[in-house]
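S.K.: Handing you a structure now.
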Amino acid sequence: MKYEAVIGLEVHAQLKTESKIFCSCSAGFGADPNSQACPICMGMPGVLPVVNEKAVEFAIKAGCATHCTIADYSVFARKNYFYPDLPKGYQISQFEEPICSDGYVEIEHNGDIKKIGLIRIHLEEDAGKSVHAEEWVPEEETLVDLNRCGVPLIEIVSQPDIRSPREATLYLAQLKRILEYLEISDCNMEEGSLRCDANISLRPVRTEQLGTKTELKNMNSFKSIEKALDYEITRQTEILNRGEKVQQQTLLWNADENRIEPMRTKEESDDYRYFPDPDLVPLYVTSDRVAQLQKELPELAVEKKRRFMKEFELPAYDAEVLTASKNLAGFFEETVALHANAKAVSNFVMGEVNRYLSENKKGIEKTALTPEKLAQLLDLIESGAINLKTAKLIFPDIVRSDRSPEKIVKQRGLAQVSDESELRQIVQEVVRNNPNETAKYLAGKIKVMGFLVGRVMRATRGKGNPKMVNQLLLEELNKRKHD
Amino acid sequence: MKITKKEVKKIADLAKLALTDEEKEKFTRQLGEILAYMEILNRVNTENIPPAYHIHETKNVFRKDQSEKWLNQDEATANAPKKFKGYFSVPKVIRKG
């Protein structure tokens with residue numbers, strides 16, 4: 001039997017606020033354990049949580065950017081369970097009345113646009129961090145750090161609209177891009193500021209009834225998500241093909257061993273015994289407030305991509321790559337303002353700049369590269385002062401150095417050789433020194449042209465003006481044809 | 001009877017309370033009485049009335065997003081029966097199984 005996968009994702013994103021959601025402790029990452037905690041987030045008796053205005057604002061912005069309905073009235077609820085990293089014995093979350101609902105995110109797959117529905121976005125607090133896997137932790141102990149307790153999160157719950165692991169990662173990438181553009185989350189999967197769980201079931205193709213689902217947790221990279229979903233689809237297919245039933249359970253992805261391990265039998269939702277938190281008063285959001293926040297939204301990646309295609313006449317692929325991050329898109333636009341050949345800027349950014357960024361694992365904002373430097377470098381190529389090869393060669397220097405690209409070219413003696421008599425002399429020499437190849441060319445093997453060009457470029461130490469080298473070489477070879 | 005002994009046991013388990021058989025009987029009776037009393041509310045017609053999630057009329061009480069230092073690590077862990085390198089230390093929690 002042929003099955004199709006039905007996948008829904010639950011994404012948790014840490015909000016980039018200065019303080020926690022219900023108390024004034026710092027929400028910063030990486031501090032010493034238990035140095036950012038107070039009686040409120042540690043669950044001491046008699047304390048009163050008060051909600052952080054910014055966290056609410058961020059959640060509304062996330063809702064606006066994903067076409068959600070923003071609730072004019074929403075409430076906080078207690079989700080009760082026991083775990084050492086949750087000192088209160090309950091997590092403050094939203095249950096019956098979430099702040100955002102009924103939205104969607106658009107993904108583009110094989111040229112088609114598909115809407116992935118959102119059931120809801122709600123606000124909640126993060127739990128603390130348990131440490132036990134590390135070597136330095138004493139055996140038979142779990143260590144608890146409460147710094148993360150009370151850090152604001154939004155949980156974004158998608159409809160089960162996702163049909164493949166590929167769609168799942170496209171959706172997550174799109175969502176990540178939206179949150180980054182809004183500047184409401186760092187979305188760093190390694191640091192855990194973006195986390196993703198998946199619900200997955202199979203059903204025979206062209207049927208409506210949903211199968212029994214399992215929940216997949218602990219996937220902390222895009223690669224993990226794709227691999228874990230692939231693994232789970234195969235596993236469920238095998239179970240169904242044997243005529244057995246899938247058991248509803250929670251599974252953990254083990255990235256080291258590339259396999260899935262069962263966690264615990266899934267608790268019924270009721271077991272959390274949600275009830276409205278009496279310590280927190282309801283949130284009322286007026287339509288004016290929503291309209292105001294809607295107006296504050298920046299241009300989002302999807303819009304920016306469309307604009308880049310139109311305004312700079314870029315192919316869809318270029319526009320997609322350039323808008324991957326807001327900072328990169330901004331960098332591109334600033335460079336184009338200084339060097340008008342947008343396609344040349346795009347090519348260089350997608351090639352050399354992105355390569356440099358991924359090799360150094362940095363965002364553009366963390367490098368010393370400026371739009372001015374890149375524009376000057378591209379000016380040098382356009383004017384013929386250097387060729388593209390040289391530009392690529394000196395690029396790492398351009399990034400790091402305070403000197404202008406022009407100065408670097410001069411100091412390293414890399415100016416392009418465009419002097420005709422100088423080049424012609426070299427070309428003639430190459431032709432003379434490579435009689436076999438020359439003969440082959442003259443016999444009609446045009447392919448050896450590449451070899452000869454290579455020889456000339458080597459003789460100029462890569463500085464020959466490629467257009468002129470080609471032209472002069474043709475001239476010299478053709479001369480011999482007539483001889 | 002508004003609540004069964006089995007339900008009382010389930011609630012106790014979820015709250016990690018160990019009840020004796022006698023206590024289970026007692027709480028089943030007492031909780032049943034409370035629930036029966038609350039039944040009075042069902043006589044009120046609540047059609048078209050939205051649920052009240054909160055007893056106060058107050059709404060939108062916010063804090064500004066500003067952080068301040070409250071406790072340091074030693075103070076935060078001062079009451080911990082066991083700690084290790086600034087962490088609270090508890091018996092190993094195994095998430096599997």
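As shown in the structure tokens, the chain order sets the letters A, B, ...; within each chain, residues go from 1, and ligands are also counted from 1 in the order they appear.
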Within 12 Å of chain A, which residues belong to chain B? Use only C-alpha atoms and report them as a PyMOL selection string.
M.R.: chain B and resi 7+10-16+50-80+82-97
S.K.: Among stretch 258-303 of chain A, which residues carry a DSSP assignment of strand (DSSP E), reported as a ChimeraX atom specification?
M.R.: /A:259-265,275-276,283-284
S.K.: Pull C-alpha atoms from the residues just selected and write them as an mmCIF file, in the first residue's frame.
M.R.:
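The resulting result.cif:
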data_model
loop_
_atom_site.group_PDB
_atom_site.id
_atom_site.type_symbol
_atom_site.label_atom_id
_atom_site.label_comp_id
_atom_site.auth_asym_id
_atom_site.auth_seq_id
_atom_site.Cartn_x
_atom_site.Cartn_y
_atom_site.Cartn_z
ATOM 1 C CA ARG A 259 17.950 6.547 15.223
ATOM 2 C CA ILE A 260 14.809 7.023 17.227
ATOM 3 C CA GLU A 261 14.271 5.979 20.827
ATOM 4 C CA PRO A 262 10.959 5.840 22.687
ATOM 5 C CA MET A 263 10.584 8.367 25.507
ATOM 6 C CA ARG A 264 7.372 7.643 27.370
ATOM 7 C CA THR A 265 3.820 6.733 26.562
ATOM 8 C CA PHE A 275 -6.623 25.776 34.590
ATOM 9 C CA PRO A 276 -6.628 29.587 34.352
ATOM 10 C CA LEU A 283 -4.923 40.305 28.342
ATOM 11 C CA TYR A 284 -7.101 42.636 26.313
#
S.K.: Could you tell me which of A:Glu4, A:Glu124, A:Asp112, A:Glu475 comes closest to A:Thr234 if we count only C-alpha atoms?
M.R.: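 Smallest separation from A:Thr234 among the options: A:Glu4.
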S.K.: Identify, on the basis of only C-alpha atoms, every residue whose closest approach to A:Glu303 does not exceed 12 Å; exclude the query and any residue fewer than 4 positions from it along the same chain; express the result as a PyMOL selection string.
M.R.: chain A and resi 65+106+178+181+297-299+307-311+319-320+323+326+329
S.K.: Expressed in Å to a single decimal, how great is the separation between atom CA of A:Ala127 and atom CA of A:Lys217?
M.R.: 15.8 Å
S.K.: Give me the residues near A:Glu420 as a PyMOL selection string, where near means some atom within 12 Å (using only C-alpha atoms) and where sequence neighbours in that chain fewer than 6 positions away do not count.
M.R.: chain A and resi 426-428+464-473
S.K.: Excluding A:Lys61 and any residue of its chain fewer than 5 positions from it, enumerate the residues within 10 Å of it, using only C-alpha atoms, and give them as a PyMOL selection string.
M.R.: chain A and resi 55-56+66-68+70+100+179+182-184+290+293-297
S.K.: What is the distance between atom CA of B:Thr46 and atom CA of B:Leu31, in Å to one decimal?
M.R.: 24.1 Å
S.K.: Find the residues near stretch 357-374 of chain A: any atom within 12 Å, counting only C-alpha atoms, skip ones fewer than 3 places away on the same chain, and give them as a ChimeraX atom specification.
M.R.: /A:322,324-339,344-354,377-381,391-392,394-408
S.K.: Check the smallest atom-to-atom distance from each of A:Val448, A:Asp256, A:Gly243, A:Ser421 to A:Pro435 using only C-alpha atoms, then report the winner.
M.R.: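 Distance minimum relative to A:Pro435 lands on A:Val448.
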S.K.: Separation of atom CA of A:Gln159 and atom CA of A:Ile119, in Å?
M.R.: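 If I compute the distance from atom CA of A:Gln159 to atom CA of A:Ile119, I get 5.6 Å.
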S.K.: Write out as a ChimeraX atom specification all residues of stretch 22-73 of chain B that DSSP puts in helix (DSSP H, G or I) for this structure's backbone.
M.R.: /B:22-43,73
S.K.: Counting only C-alpha atoms, what is within 10 Å of stretch 32-39 of chain B, bar same-chain residues fewer than 6 positions away, as a PyMOL selection string?
M.R.: chain B and resi 1-4+26
S.K.: Return the single residue from A:Leu170, A:Leu414, A:Ile446, A:Val47 that is closest to A:Lys389, with distances computed using only C-alpha atoms.
M.R.: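 Of all the options, A:Leu414 lies closest to A:Lys389.
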